[in-house]
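This is run-v1.csv (CSV, N, CA, C and O atoms).
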chain,number,residue,atom,x,y,z
A,1,MET,N,0.8,-1.2,0.0
A,1,MET,CA,0.0,0.0,0.0
A,1,MET,C,0.9,1.2,0.0
A,1,MET,O,1.8,1.3,0.8
A,2,ARG,N,0.6,2.2,-0.9
A,2,ARG,CA,1.4,3.4,-1.0
A,2,ARG,C,1.1,4.4,0.2
A,2,ARG,O,-0.1,4.5,0.6
A,3,ASN,N,2.1,5.1,0.6
A,3,ASN,CA,1.9,6.1,1.6
A,3,ASN,C,1.5,7.4,0.9
A,3,ASN,O,2.3,7.9,0.2
A,4,LEU,N,0.3,7.9,1.2
A,4,LEU,CA,-0.1,9.1,0.6
A,4,LEU,C,0.0,10.3,1.4
A,4,LEU,O,-0.5,11.4,1.1
A,5,ASN,N,0.8,10.3,2.5
A,5,ASN,CA,1.1,11.4,3.3
A,5,ASN,C,1.8,12.6,2.7
A,5,ASN,O,1.7,13.7,3.2
A,6,PHE,N,2.4,12.3,1.5
A,6,PHE,CA,3.1,13.4,0.8
A,6,PHE,C,2.2,14.3,0.0
A,6,PHE,O,2.6,15.3,-0.6
A,7,ILE,N,1.0,13.9,-0.2
A,7,ILE,CA,0.0,14.7,-1.0
A,7,ILE,C,-0.3,16.0,-0.3
A,7,ILE,O,-0.8,15.9,0.8
A,8,GLN,N,-0.1,17.1,-1.0
A,8,GLN,CA,-0.4,18.4,-0.4
A,8,GLN,C,-1.9,18.6,-0.4
A,8,GLN,O,-2.6,18.4,-1.4
A,9,GLU,N,-2.4,19.1,0.7
A,9,GLU,CA,-3.8,19.5,0.8
A,9,GLU,C,-3.8,21.1,0.8
A,9,GLU,O,-3.1,21.7,1.5
A,10,TYR,N,-4.7,21.6,0.0
A,10,TYR,CA,-4.8,23.1,-0.2
A,10,TYR,C,-6.0,23.5,0.6
A,10,TYR,O,-7.0,22.8,0.8
A,11,THR,N,-6.0,24.8,1.0
A,11,THR,CA,-7.1,25.4,1.6
A,11,THR,C,-7.9,26.0,0.5
A,11,THR,O,-7.3,26.6,-0.5
A,12,VAL,N,-9.2,25.9,0.5
A,12,VAL,CA,-10.0,26.5,-0.6
A,12,VAL,C,-10.8,27.6,0.0
A,12,VAL,O,-11.5,27.5,1.0
A,13,LYS,N,-10.6,28.8,-0.7
A,13,LYS,CA,-11.3,30.0,-0.3
A,13,LYS,C,-12.0,30.6,-1.5
A,13,LYS,O,-11.6,30.4,-2.6
A,14,SER,N,-13.1,31.2,-1.2
A,14,SER,CA,-13.8,31.9,-2.4
A,14,SER,C,-14.1,33.3,-2.0
A,14,SER,O,-14.2,33.7,-0.9
A,15,THR,N,-14.3,34.1,-3.1
A,15,THR,CA,-14.6,35.5,-2.9
A,15,THR,C,-16.0,35.7,-2.5
A,15,THR,O,-16.8,34.8,-2.8
A,16,PRO,N,-16.4,36.9,-2.0
A,16,PRO,CA,-17.8,37.1,-1.7
A,16,PRO,C,-18.7,37.0,-2.9
A,16,PRO,O,-19.8,36.6,-2.8
A,17,ASN,N,-18.1,37.4,-4.1
A,17,ASN,CA,-18.8,37.3,-5.3
A,17,ASN,C,-19.3,35.8,-5.6
A,17,ASN,O,-20.4,35.6,-6.1
A,18,VAL,N,-18.6,34.8,-5.2
A,18,VAL,CA,-18.9,33.5,-5.4
A,18,VAL,C,-20.2,33.1,-4.5
A,18,VAL,O,-21.1,32.4,-5.0
A,19,SER,N,-20.3,33.6,-3.3
A,19,SER,CA,-21.4,33.4,-2.5
A,19,SER,C,-22.7,34.0,-3.1
A,19,SER,O,-23.8,33.3,-3.1
A,20,VAL,N,-22.6,35.1,-3.7
A,20,VAL,CA,-23.7,35.8,-4.5
A,20,VAL,C,-24.1,34.9,-5.6
A,20,VAL,O,-25.2,34.7,-5.9
A,21,GLU,N,-23.1,34.4,-6.4
A,21,GLU,CA,-23.3,33.6,-7.6
A,21,GLU,C,-24.1,32.3,-7.2
A,21,GLU,O,-25.0,31.9,-7.8
A,22,LEU,N,-23.6,31.7,-6.1
A,22,LEU,CA,-24.3,30.4,-5.6
A,22,LEU,C,-25.8,30.7,-5.2
A,22,LEU,O,-26.6,29.9,-5.5
A,23,LYS,N,-26.0,31.8,-4.6
A,23,LYS,CA,-27.4,32.2,-4.3
A,23,LYS,C,-28.2,32.4,-5.6
A,23,LYS,O,-29.4,31.9,-5.7
A,24,ASP,N,-27.6,33.0,-6.6
A,24,ASP,CA,-28.3,33.2,-7.8
A,24,ASP,C,-28.6,31.9,-8.6
A,24,ASP,O,-29.6,31.7,-9.2
A,25,ILE,N,-27.6,31.0,-8.5
A,25,ILE,CA,-27.7,29.7,-9.1
A,25,ILE,C,-28.9,28.9,-8.4
A,25,ILE,O,-29.7,28.3,-9.1
A,26,TYR,N,-28.9,29.0,-7.1
A,26,TYR,CA,-30.0,28.3,-6.4
A,26,TYR,C,-31.3,28.9,-6.8
A,26,TYR,O,-32.2,28.1,-7.1
A,27,SER,N,-31.4,30.2,-6.9
A,27,SER,CA,-32.7,30.8,-7.3
A,27,SER,C,-33.1,30.4,-8.7
A,27,SER,O,-34.3,30.1,-9.0
A,28,SER,N,-32.1,30.3,-9.6
A,28,SER,CA,-32.4,29.9,-11.0
A,28,SER,C,-32.9,28.5,-11.1
A,28,SER,O,-33.9,28.2,-11.8
A,29,ILE,N,-32.2,27.6,-10.4
A,29,ILE,CA,-32.6,26.2,-10.4
A,29,ILE,C,-33.9,26.0,-9.7
A,29,ILE,O,-34.8,25.3,-10.2
A,30,LEU,N,-34.2,26.7,-8.7
A,30,LEU,CA,-35.5,26.7,-8.0
A,30,LEU,C,-36.6,27.1,-8.9
A,30,LEU,O,-37.6,26.5,-9.0
A,31,GLN,N,-36.4,28.2,-9.6
A,31,GLN,CA,-37.4,28.7,-10.6
A,31,GLN,C,-37.7,27.7,-11.7
A,31,GLN,O,-38.8,27.5,-12.0
A,32,LEU,N,-36.6,27.1,-12.2
A,32,LEU,CA,-36.8,26.1,-13.3
A,32,LEU,C,-37.4,24.8,-12.8
A,32,LEU,O,-38.3,24.3,-13.5
A,33,SER,N,-37.0,24.3,-11.7
A,33,SER,CA,-37.4,23.0,-11.2
A,33,SER,C,-38.6,23.1,-10.3
A,33,SER,O,-39.3,22.0,-10.1
A,34,ARG,N,-38.9,24.2,-9.7
A,34,ARG,CA,-39.9,24.4,-8.7
A,34,ARG,C,-39.7,23.4,-7.5
A,34,ARG,O,-40.7,23.0,-6.8
A,35,SER,N,-38.5,23.0,-7.3
A,35,SER,CA,-38.2,22.1,-6.2
A,35,SER,C,-37.0,22.6,-5.3
A,35,SER,O,-35.9,22.6,-5.8
A,36,PRO,N,-37.3,23.0,-4.1
A,36,PRO,CA,-36.2,23.4,-3.2
A,36,PRO,C,-35.1,22.4,-3.0
A,36,PRO,O,-33.9,22.7,-3.0
A,37,LYS,N,-35.5,21.1,-3.0
A,37,LYS,CA,-34.6,20.0,-2.8
A,37,LYS,C,-33.6,19.9,-4.0
A,37,LYS,O,-32.4,19.8,-3.9
A,38,THR,N,-34.2,20.0,-5.2
A,38,THR,CA,-33.4,20.0,-6.4
A,38,THR,C,-32.4,21.1,-6.4
A,38,THR,O,-31.2,20.9,-6.7
A,39,ALA,N,-32.8,22.3,-6.1
A,39,ALA,CA,-32.0,23.5,-6.1
A,39,ALA,C,-30.9,23.3,-5.0
A,39,ALA,O,-29.7,23.6,-5.3
A,40,ARG,N,-31.2,22.9,-3.8
A,40,ARG,CA,-30.2,22.7,-2.8
A,40,ARG,C,-29.2,21.6,-3.2
A,40,ARG,O,-28.0,21.8,-3.0
A,41,ASP,N,-29.7,20.5,-3.7
A,41,ASP,CA,-28.8,19.4,-4.1
A,41,ASP,C,-27.8,19.9,-5.2
A,41,ASP,O,-26.6,19.6,-5.2
A,42,TYR,N,-28.3,20.7,-6.2
A,42,TYR,CA,-27.5,21.2,-7.3
A,42,TYR,C,-26.3,22.1,-6.7
A,42,TYR,O,-25.2,21.9,-7.0
A,43,VAL,N,-26.7,23.0,-5.8
A,43,VAL,CA,-25.7,23.9,-5.2
A,43,VAL,C,-24.8,23.1,-4.3
A,43,VAL,O,-23.6,23.4,-4.3
A,44,LYS,N,-25.3,22.2,-3.6
A,44,LYS,CA,-24.4,21.3,-2.8
A,44,LYS,C,-23.4,20.6,-3.6
A,44,LYS,O,-22.2,20.6,-3.3
A,45,ASP,N,-23.8,20.0,-4.7
A,45,ASP,CA,-22.9,19.3,-5.6
A,45,ASP,C,-21.8,20.3,-6.2
A,45,ASP,O,-20.7,20.0,-6.4
A,46,LEU,N,-22.3,21.5,-6.5
A,46,LEU,CA,-21.4,22.5,-7.1
A,46,LEU,C,-20.3,22.9,-6.0
A,46,LEU,O,-19.1,23.0,-6.3
A,47,GLU,N,-20.8,23.1,-4.8
A,47,GLU,CA,-19.9,23.4,-3.7
A,47,GLU,C,-18.9,22.2,-3.4
A,47,GLU,O,-17.7,22.5,-3.1
A,48,GLN,N,-19.3,21.0,-3.5
A,48,GLN,CA,-18.5,19.9,-3.4
A,48,GLN,C,-17.4,19.8,-4.5
A,48,GLN,O,-16.2,19.5,-4.2
A,49,THR,N,-17.8,20.2,-5.7
A,49,THR,CA,-16.8,20.3,-6.8
A,49,THR,C,-15.7,21.3,-6.4
A,49,THR,O,-14.5,21.1,-6.6
A,50,MET,N,-16.2,22.5,-5.9
A,50,MET,CA,-15.2,23.5,-5.5
A,50,MET,C,-14.3,23.0,-4.4
A,50,MET,O,-13.1,23.2,-4.4
A,51,GLN,N,-14.9,22.4,-3.4
A,51,GLN,CA,-14.1,21.9,-2.2
A,51,GLN,C,-13.1,20.8,-2.7
A,51,GLN,O,-12.0,20.7,-2.1
A,52,ALA,N,-13.4,20.0,-3.7
A,52,ALA,CA,-12.6,19.0,-4.2
A,52,ALA,C,-11.3,19.5,-4.7
A,52,ALA,O,-10.3,18.8,-5.0
A,53,LEU,N,-11.2,20.8,-4.9
A,53,LEU,CA,-10.0,21.4,-5.4
A,53,LEU,C,-8.9,21.5,-4.3
A,53,LEU,O,-7.8,21.9,-4.6
A,54,ASN,N,-9.2,21.0,-3.1
A,54,ASN,CA,-8.2,21.0,-2.1
A,54,ASN,C,-7.1,19.9,-2.3
A,54,ASN,O,-6.1,20.0,-1.7
A,55,TYR,N,-7.4,19.0,-3.3
A,55,TYR,CA,-6.3,18.1,-3.7
A,55,TYR,C,-6.1,18.2,-5.2
A,55,TYR,O,-7.1,18.2,-6.0
A,56,PHE,N,-4.9,18.3,-5.6
A,56,PHE,CA,-4.5,18.4,-7.0
A,56,PHE,C,-5.2,19.5,-7.8
A,56,PHE,O,-5.8,19.2,-8.9
A,57,PRO,N,-5.3,20.7,-7.3
A,57,PRO,CA,-5.9,21.8,-8.1
A,57,PRO,C,-5.2,22.1,-9.4
A,57,PRO,O,-5.8,22.6,-10.3
A,58,GLU,N,-4.0,21.6,-9.5
A,58,GLU,CA,-3.2,21.8,-10.8
A,58,GLU,C,-3.7,20.9,-11.9
A,58,GLU,O,-3.3,21.1,-13.1
A,59,ARG,N,-4.6,20.0,-11.6
A,59,ARG,CA,-5.0,19.0,-12.6
A,59,ARG,C,-5.8,19.7,-13.8
A,59,ARG,O,-6.0,19.1,-14.8
A,60,TYR,N,-6.3,20.8,-13.5
A,60,TYR,CA,-7.1,21.5,-14.6
A,60,TYR,C,-6.2,22.5,-15.3
A,60,TYR,O,-5.4,23.2,-14.7
A,61,ARG,N,-6.5,22.7,-16.6
A,61,ARG,CA,-5.6,23.6,-17.4
A,61,ARG,C,-5.9,25.0,-17.1
A,61,ARG,O,-6.9,25.4,-16.6
A,62,LYS,N,-4.8,25.8,-17.4
A,62,LYS,CA,-5.0,27.2,-17.2
A,62,LYS,C,-5.8,27.8,-18.4
A,62,LYS,O,-5.9,27.2,-19.5
A,63,THR,N,-6.5,28.9,-18.1
A,63,THR,CA,-7.3,29.6,-19.1
A,63,THR,C,-6.3,30.2,-20.1
A,63,THR,O,-5.1,30.3,-19.8
A,64,PRO,N,-6.8,30.7,-21.3
A,64,PRO,CA,-5.9,31.3,-22.3
A,64,PRO,C,-5.1,32.5,-21.7
A,64,PRO,O,-4.0,32.7,-22.1
A,65,SER,N,-5.6,33.2,-20.7
A,65,SER,CA,-4.9,34.3,-20.1
A,65,SER,C,-3.7,33.8,-19.3
A,65,SER,O,-2.7,34.5,-19.1
A,66,GLY,N,-3.7,32.5,-18.9
A,66,GLY,CA,-2.6,32.0,-18.1
A,66,GLY,C,-2.7,32.3,-16.6
A,66,GLY,O,-1.9,31.9,-15.8
A,67,LYS,N,-3.7,33.1,-16.2
A,67,LYS,CA,-3.8,33.6,-14.9
A,67,LYS,C,-4.6,32.7,-14.0
A,67,LYS,O,-4.4,32.6,-12.8
A,68,TYR,N,-5.6,32.0,-14.6
A,68,TYR,CA,-6.6,31.2,-13.9
A,68,TYR,C,-6.7,29.8,-14.4
A,68,TYR,O,-6.2,29.5,-15.4
A,69,ARG,N,-7.4,29.0,-13.6
A,69,ARG,CA,-7.7,27.7,-14.0
A,69,ARG,C,-9.2,27.5,-14.0
A,69,ARG,O,-9.9,28.3,-13.4
A,70,ARG,N,-9.7,26.5,-14.7
A,70,ARG,CA,-11.2,26.4,-14.9
A,70,ARG,C,-11.5,24.9,-14.7
A,70,ARG,O,-10.9,24.0,-15.3
A,71,VAL,N,-12.6,24.7,-13.9
A,71,VAL,CA,-13.2,23.4,-13.8
A,71,VAL,C,-14.6,23.6,-14.1
A,71,VAL,O,-15.2,24.6,-13.7
A,72,ASN,N,-15.2,22.6,-14.8
A,72,ASN,CA,-16.6,22.7,-15.2
A,72,ASN,C,-17.4,21.8,-14.2
A,72,ASN,O,-17.0,20.7,-13.8
A,73,PHE,N,-18.6,22.3,-13.9
A,73,PHE,CA,-19.6,21.5,-13.2
A,73,PHE,C,-20.9,21.7,-13.9
A,73,PHE,O,-21.5,22.8,-14.0
A,74,LYS,N,-21.4,20.7,-14.6
A,74,LYS,CA,-22.6,20.7,-15.4
A,74,LYS,C,-22.5,21.9,-16.3
A,74,LYS,O,-21.6,22.0,-17.2
A,75,LYS,N,-23.4,22.9,-16.2
A,75,LYS,CA,-23.5,24.0,-17.1
A,75,LYS,C,-22.7,25.2,-16.6
A,75,LYS,O,-22.7,26.3,-17.2
A,76,TYR,N,-21.9,25.0,-15.5
A,76,TYR,CA,-21.2,26.1,-14.9
A,76,TYR,C,-19.7,26.0,-15.0
A,76,TYR,O,-19.2,24.8,-15.0
A,77,ALA,N,-19.0,27.1,-15.0
A,77,ALA,CA,-17.5,27.1,-15.0
A,77,ALA,C,-17.1,27.7,-13.7
A,77,ALA,O,-17.6,28.8,-13.4
A,78,ILE,N,-16.1,27.1,-13.1
A,78,ILE,CA,-15.6,27.6,-11.8
A,78,ILE,C,-14.1,28.1,-12.2
A,78,ILE,O,-13.3,27.3,-12.7
A,79,PHE,N,-13.9,29.3,-11.9
A,79,PHE,CA,-12.5,29.9,-12.1
A,79,PHE,C,-11.8,30.1,-10.8
A,79,PHE,O,-12.4,30.6,-9.9
A,80,TYR,N,-10.5,29.8,-10.8
A,80,TYR,CA,-9.7,29.9,-9.6
A,80,TYR,C,-8.2,30.1,-10.0
A,80,TYR,O,-7.8,29.9,-11.1
A,81,PHE,N,-7.5,30.5,-8.9
A,81,PHE,CA,-6.0,30.5,-9.1
A,81,PHE,C,-5.4,29.9,-7.8
A,81,PHE,O,-6.1,29.8,-6.8
A,82,ILE,N,-4.2,29.5,-7.9
A,82,ILE,CA,-3.5,28.8,-6.8
A,82,ILE,C,-2.4,29.8,-6.3
A,82,ILE,O,-1.6,30.3,-7.1
A,83,GLU,N,-2.4,30.0,-5.0
A,83,GLU,CA,-1.4,30.9,-4.5
A,83,GLU,C,-0.8,30.2,-3.2
A,83,GLU,O,-1.6,30.0,-2.2
A,84,ASN,N,0.4,29.8,-3.3
A,84,ASN,CA,1.0,29.0,-2.2
A,84,ASN,C,0.2,27.7,-1.9
A,84,ASN,O,0.0,26.9,-2.8
A,85,ASP,N,-0.4,27.6,-0.7
A,85,ASP,CA,-1.2,26.4,-0.4
A,85,ASP,C,-2.7,26.7,-0.3
A,85,ASP,O,-3.4,26.0,0.3
A,86,THR,N,-3.1,27.7,-1.1
A,86,THR,CA,-4.5,28.1,-1.1
A,86,THR,C,-5.0,28.2,-2.5
A,86,THR,O,-4.4,28.7,-3.4
A,87,VAL,N,-6.2,27.7,-2.7
A,87,VAL,CA,-7.0,27.8,-3.9
A,87,VAL,C,-8.0,28.9,-3.7
A,87,VAL,O,-8.8,28.9,-2.8
A,88,HIS,N,-7.9,29.9,-4.6
A,88,HIS,CA,-8.8,31.1,-4.5
A,88,HIS,C,-9.8,31.0,-5.6
A,88,HIS,O,-9.5,31.1,-6.8
A,89,ILE,N,-11.1,30.7,-5.3
A,89,ILE,CA,-12.1,30.6,-6.3
A,89,ILE,C,-12.7,32.0,-6.5
A,89,ILE,O,-13.1,32.7,-5.5
A,90,ILE,N,-12.6,32.5,-7.7
A,90,ILE,CA,-13.0,33.9,-8.0
A,90,ILE,C,-14.3,34.1,-8.7
A,90,ILE,O,-14.9,35.1,-8.6
A,91,ASP,N,-14.8,33.0,-9.3
A,91,ASP,CA,-16.1,33.2,-10.1
A,91,ASP,C,-16.7,31.9,-10.4
A,91,ASP,O,-16.0,30.9,-10.6
A,92,VAL,N,-18.0,31.9,-10.5
A,92,VAL,CA,-18.8,30.7,-11.0
A,92,VAL,C,-19.8,31.3,-11.9
A,92,VAL,O,-20.6,32.1,-11.5
A,93,ILE,N,-19.7,30.9,-13.2
A,93,ILE,CA,-20.6,31.5,-14.2
A,93,ILE,C,-21.1,30.4,-15.2
A,93,ILE,O,-20.4,29.3,-15.3
A,94,LEU,N,-22.1,30.7,-15.9
A,94,LEU,CA,-22.6,29.8,-16.9
A,94,LEU,C,-21.5,29.6,-17.9
A,94,LEU,O,-20.9,30.6,-18.4
A,95,ALA,N,-21.2,28.4,-18.2
A,95,ALA,CA,-20.1,28.1,-19.2
A,95,ALA,C,-20.4,28.6,-20.6
A,95,ALA,O,-19.5,28.9,-21.3
A,96,SER,N,-21.7,28.8,-20.9
A,96,SER,CA,-22.0,29.3,-22.2
A,96,SER,C,-22.0,30.8,-22.3
A,96,SER,O,-22.2,31.4,-23.4
A,97,SER,N,-21.8,31.4,-21.2
A,97,SER,CA,-21.8,32.9,-21.1
A,97,SER,C,-20.5,33.5,-21.8
A,97,SER,O,-19.5,32.9,-21.8
A,98,SER,N,-20.7,34.6,-22.4
A,98,SER,CA,-19.6,35.3,-23.1
A,98,SER,C,-18.6,35.8,-22.0
A,98,SER,O,-17.4,36.1,-22.4
A,99,THR,N,-19.0,35.8,-20.8
A,99,THR,CA,-18.1,36.3,-19.7
A,99,THR,C,-16.9,35.3,-19.5
A,99,THR,O,-15.8,35.8,-19.0
A,100,VAL,N,-17.0,34.1,-19.9
A,100,VAL,CA,-15.9,33.1,-19.7
A,100,VAL,C,-14.7,33.6,-20.5
A,100,VAL,O,-13.6,33.2,-20.1
A,101,PHE,N,-14.8,34.3,-21.5
A,101,PHE,CA,-13.7,34.8,-22.3
A,101,PHE,C,-12.8,35.8,-21.6
A,101,PHE,O,-11.7,36.1,-22.0
A,102,LYS,N,-13.4,36.4,-20.6
A,102,LYS,CA,-12.6,37.5,-19.9
A,102,LYS,C,-11.4,36.8,-19.0
A,102,LYS,O,-10.5,37.5,-18.6
A,103,TYR,N,-11.5,35.5,-18.8
A,103,TYR,CA,-10.5,34.8,-18.0
A,103,TYR,C,-9.5,34.2,-18.9
A,103,TYR,O,-8.5,33.7,-18.6

Structure translated into structure tokens:
Amino acid sequence: MRNLNFIQEYTVKSTPNVSVELKDIYSSILQLSRSPKTARDYVKDLEQTMQALNYFPERYRKTPSGKYRRVNFKKYAIFYFIENDTVHIIDVILASSSTVFKY
């Protein structure tokens, strides 16, 4: 059995903007599905995807600007950068949005 103690664990932090985005995503899913449970589960899964960046956040490619990395969750794109032992999540937006090109 391999010793995995050498794997670095990162701290995951998000900007206040991300909290606002998650609330908006919840509202959008709630409006479409008419189900609070569906909306909660969707946002919970999205948050779990973000938290999973605590291990191997480098596994996702850098964006064309070279400043950020992107991981997709269903129809959303999560943008982040790594600084020392911290993953900074800066935005969560619809992957089909033209805003993704600013990163």

What is the distance, in Å and to one decimal place, between atom N of A:Ile7 and atom O of A:Ile82? 18.0 Å

Let's see if you can do this: from backbone DSSP, list all helix (DSSP H, G or I) residues in chain A, as an MDAnalysis selection string. chainID A and resid 16:33 36:54 57:59 98:102

Excluding same-chain residues fewer than 3 positions from A:Glu58, what lies within 12 Å of it counting only C-alpha atoms, as a list in words? Gln8, Glu9, Tyr10, Ala52, Leu53, Asn54, Tyr55, Arg61, Lys62, Tyr68, Arg69, Arg70, Val71, Tyr80, Phe81, Ile82, Glu83, Asn84, Asp85, Thr86 and Val87 of chain A

Given the point (-13.4, 36.5, -16.1) in the coordinates of this file, which residues lie within 8 Å, counting all atoms listed in the file, and how would they look as a VMD selection string? chain A and resid 79 90 to 91 98 to 103

Any chance you can output those residues with N, CA, C and O atoms as a PDB file, in the frame of the given file?
ATOM      1  N   PHE A  79     -13.900  29.300 -11.900  1.00  0.00           N
ATOM      2  CA  PHE A  79     -12.500  29.900 -12.100  1.00  0.00           C
ATOM      3  C   PHE A  79     -11.800  30.100 -10.800  1.00  0.00           C
ATOM      4  O   PHE A  79     -12.400  30.600  -9.900  1.00  0.00           O
ATOM      5  N   ILE A  90     -12.600  32.500  -7.700  1.00  0.00           N
ATOM      6  CA  ILE A  90     -13.000  33.900  -8.000  1.00  0.00           C
ATOM      7  C   ILE A  90     -14.300  34.100  -8.700  1.00  0.00           C
ATOM      8  O   ILE A  90     -14.900  35.100  -8.600  1.00  0.00           O
ATOM      9  N   ASP A  91     -14.800  33.000  -9.300  1.00  0.00           N
ATOM     10  CA  ASP A  91     -16.100  33.200 -10.100  1.00  0.00           C
ATOM     11  C   ASP A  91     -16.700  31.900 -10.400  1.00  0.00           C
ATOM     12  O   ASP A  91     -16.000  30.900 -10.600  1.00  0.00           O
ATOM     13  N   SER A  98     -20.700  34.600 -22.400  1.00  0.00           N
ATOM     14  CA  SER A  98     -19.600  35.300 -23.100  1.00  0.00           C
ATOM     15  C   SER A  98     -18.600  35.800 -22.000  1.00  0.00           C
ATOM     16  O   SER A  98     -17.400  36.100 -22.400  1.00  0.00           O
ATOM     17  N   THR A  99     -19.000  35.800 -20.800  1.00  0.00           N
ATOM     18  CA  THR A  99     -18.100  36.300 -19.700  1.00  0.00           C
ATOM     19  C   THR A  99     -16.900  35.300 -19.500  1.00  0.00           C
ATOM     20  O   THR A  99     -15.800  35.800 -19.000  1.00  0.00           O
ATOM     21  N   VAL A 100     -17.000  34.100 -19.900  1.00  0.00           N
ATOM     22  CA  VAL A 100     -15.900  33.100 -19.700  1.00  0.00           C
ATOM     23  C   VAL A 100     -14.700  33.600 -20.500  1.00  0.00           C
ATOM     24  O   VAL A 100     -13.600  33.200 -20.100  1.00  0.00           O
ATOM     25  N   PHE A 101     -14.800  34.300 -21.500  1.00  0.00           N
ATOM     26  CA  PHE A 101     -13.700  34.800 -22.300  1.00  0.00           C
ATOM     27  C   PHE A 101     -12.800  35.800 -21.600  1.00  0.00           C
ATOM     28  O   PHE A 101     -11.700  36.100 -22.000  1.00  0.00           O
ATOM     29  N   LYS A 102     -13.400  36.400 -20.600  1.00  0.00           N
ATOM     30  CA  LYS A 102     -12.600  37.500 -19.900  1.00  0.00           C
ATOM     31  C   LYS A 102     -11.400  36.800 -19.000  1.00  0.00           C
ATOM     32  O   LYS A 102     -10.500  37.500 -18.600  1.00  0.00           O
ATOM     33  N   TYR A 103     -11.500  35.500 -18.800  1.00  0.00           N
ATOM     34  CA  TYR A 103     -10.500  34.800 -18.000  1.00  0.00           C
ATOM     35  C   TYR A 103      -9.500  34.200 -18.900  1.00  0.00           C
ATOM     36  O   TYR A 103      -8.500  33.700 -18.600  1.00  0.00           O
TER      37      TYR A 103
END

Using all atoms listed in the file, find the one residue out of A:Asp45, A:Leu32, A:Ser27, A:Thr38 that sits nearest to A:Phe73.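 The answer is A:Asp45, which sits nearest to A:Phe73.
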
Need the shell around stretch 93-96 of chain A: protein/DNA/RNA residues with any atom at most 8 Å away, counting only C-alpha atoms. Skip same-chain ones fewer than 3 positions apart. Format as a PyMOL selection string? chain A and resi 21+72+75-78+99-100

Using atom O of A:Ser14 and atom CA of A:Arg34 as the two end points, give the distance in Å to one decimal. 28.4 Å

Could you pull stretch 50-54 of chain A out of the block above and give me all heavy atoms, as a PDB file, in the first residue's frame?
ATOM      1  N   MET A  50     -16.155  22.462  -5.887  1.00  0.00           N
ATOM      2  CA  MET A  50     -15.203  23.503  -5.505  1.00  0.00           C
ATOM      3  C   MET A  50     -14.301  23.018  -4.369  1.00  0.00           C
ATOM      4  O   MET A  50     -13.088  23.209  -4.407  1.00  0.00           O
ATOM      5  CB  MET A  50     -15.936  24.790  -5.109  1.00  0.00           C
ATOM      6  CG  MET A  50     -16.659  25.436  -6.264  1.00  0.00           C
ATOM      7  SD  MET A  50     -17.380  27.063  -5.928  1.00  0.00           S
ATOM      8  CE  MET A  50     -18.367  26.779  -4.499  1.00  0.00           C
ATOM      9  N   GLN A  51     -14.876  22.374  -3.371  1.00  0.00           N
ATOM     10  CA  GLN A  51     -14.092  21.900  -2.232  1.00  0.00           C
ATOM     11  C   GLN A  51     -13.107  20.805  -2.651  1.00  0.00           C
ATOM     12  O   GLN A  51     -12.035  20.683  -2.066  1.00  0.00           O
ATOM     13  CB  GLN A  51     -15.010  21.402  -1.114  1.00  0.00           C
ATOM     14  CG  GLN A  51     -14.290  21.112   0.181  1.00  0.00           C
ATOM     15  CD  GLN A  51     -13.490  22.287   0.718  1.00  0.00           C
ATOM     16  OE1 GLN A  51     -13.967  23.415   0.756  1.00  0.00           O
ATOM     17  NE2 GLN A  51     -12.257  22.055   1.121  1.00  0.00           N
ATOM     18  N   ALA A  52     -13.441  20.048  -3.672  1.00  0.00           N
ATOM     19  CA  ALA A  52     -12.558  18.983  -4.153  1.00  0.00           C
ATOM     20  C   ALA A  52     -11.258  19.528  -4.740  1.00  0.00           C
ATOM     21  O   ALA A  52     -10.313  18.769  -4.970  1.00  0.00           O
ATOM     22  CB  ALA A  52     -13.285  18.127  -5.190  1.00  0.00           C
ATOM     23  N   LEU A  53     -11.201  20.837  -4.942  1.00  0.00           N
ATOM     24  CA  LEU A  53      -9.963  21.447  -5.423  1.00  0.00           C
ATOM     25  C   LEU A  53      -8.889  21.463  -4.336  1.00  0.00           C
ATOM     26  O   LEU A  53      -7.761  21.886  -4.586  1.00  0.00           O
ATOM     27  CB  LEU A  53     -10.229  22.864  -5.939  1.00  0.00           C
ATOM     28  CG  LEU A  53     -11.095  22.947  -7.190  1.00  0.00           C
ATOM     29  CD1 LEU A  53     -11.505  24.385  -7.459  1.00  0.00           C
ATOM     30  CD2 LEU A  53     -10.365  22.348  -8.382  1.00  0.00           C
ATOM     31  N   ASN A  54      -9.220  20.995  -3.139  1.00  0.00           N
ATOM     32  CA  ASN A  54      -8.225  20.962  -2.067  1.00  0.00           C
ATOM     33  C   ASN A  54      -7.122  19.942  -2.343  1.00  0.00           C
ATOM     34  O   ASN A  54      -6.059  20.004  -1.749  1.00  0.00           O
ATOM     35  CB  ASN A  54      -8.873  20.733  -0.702  1.00  0.00           C
ATOM     36  CG  ASN A  54      -9.490  19.356  -0.559  1.00  0.00           C
ATOM     37  OD1 ASN A  54      -9.939  18.755  -1.527  1.00  0.00           O
ATOM     38  ND2 ASN A  54      -9.548  18.866   0.658  1.00  0.00           N
TER      39      ASN A  54
END
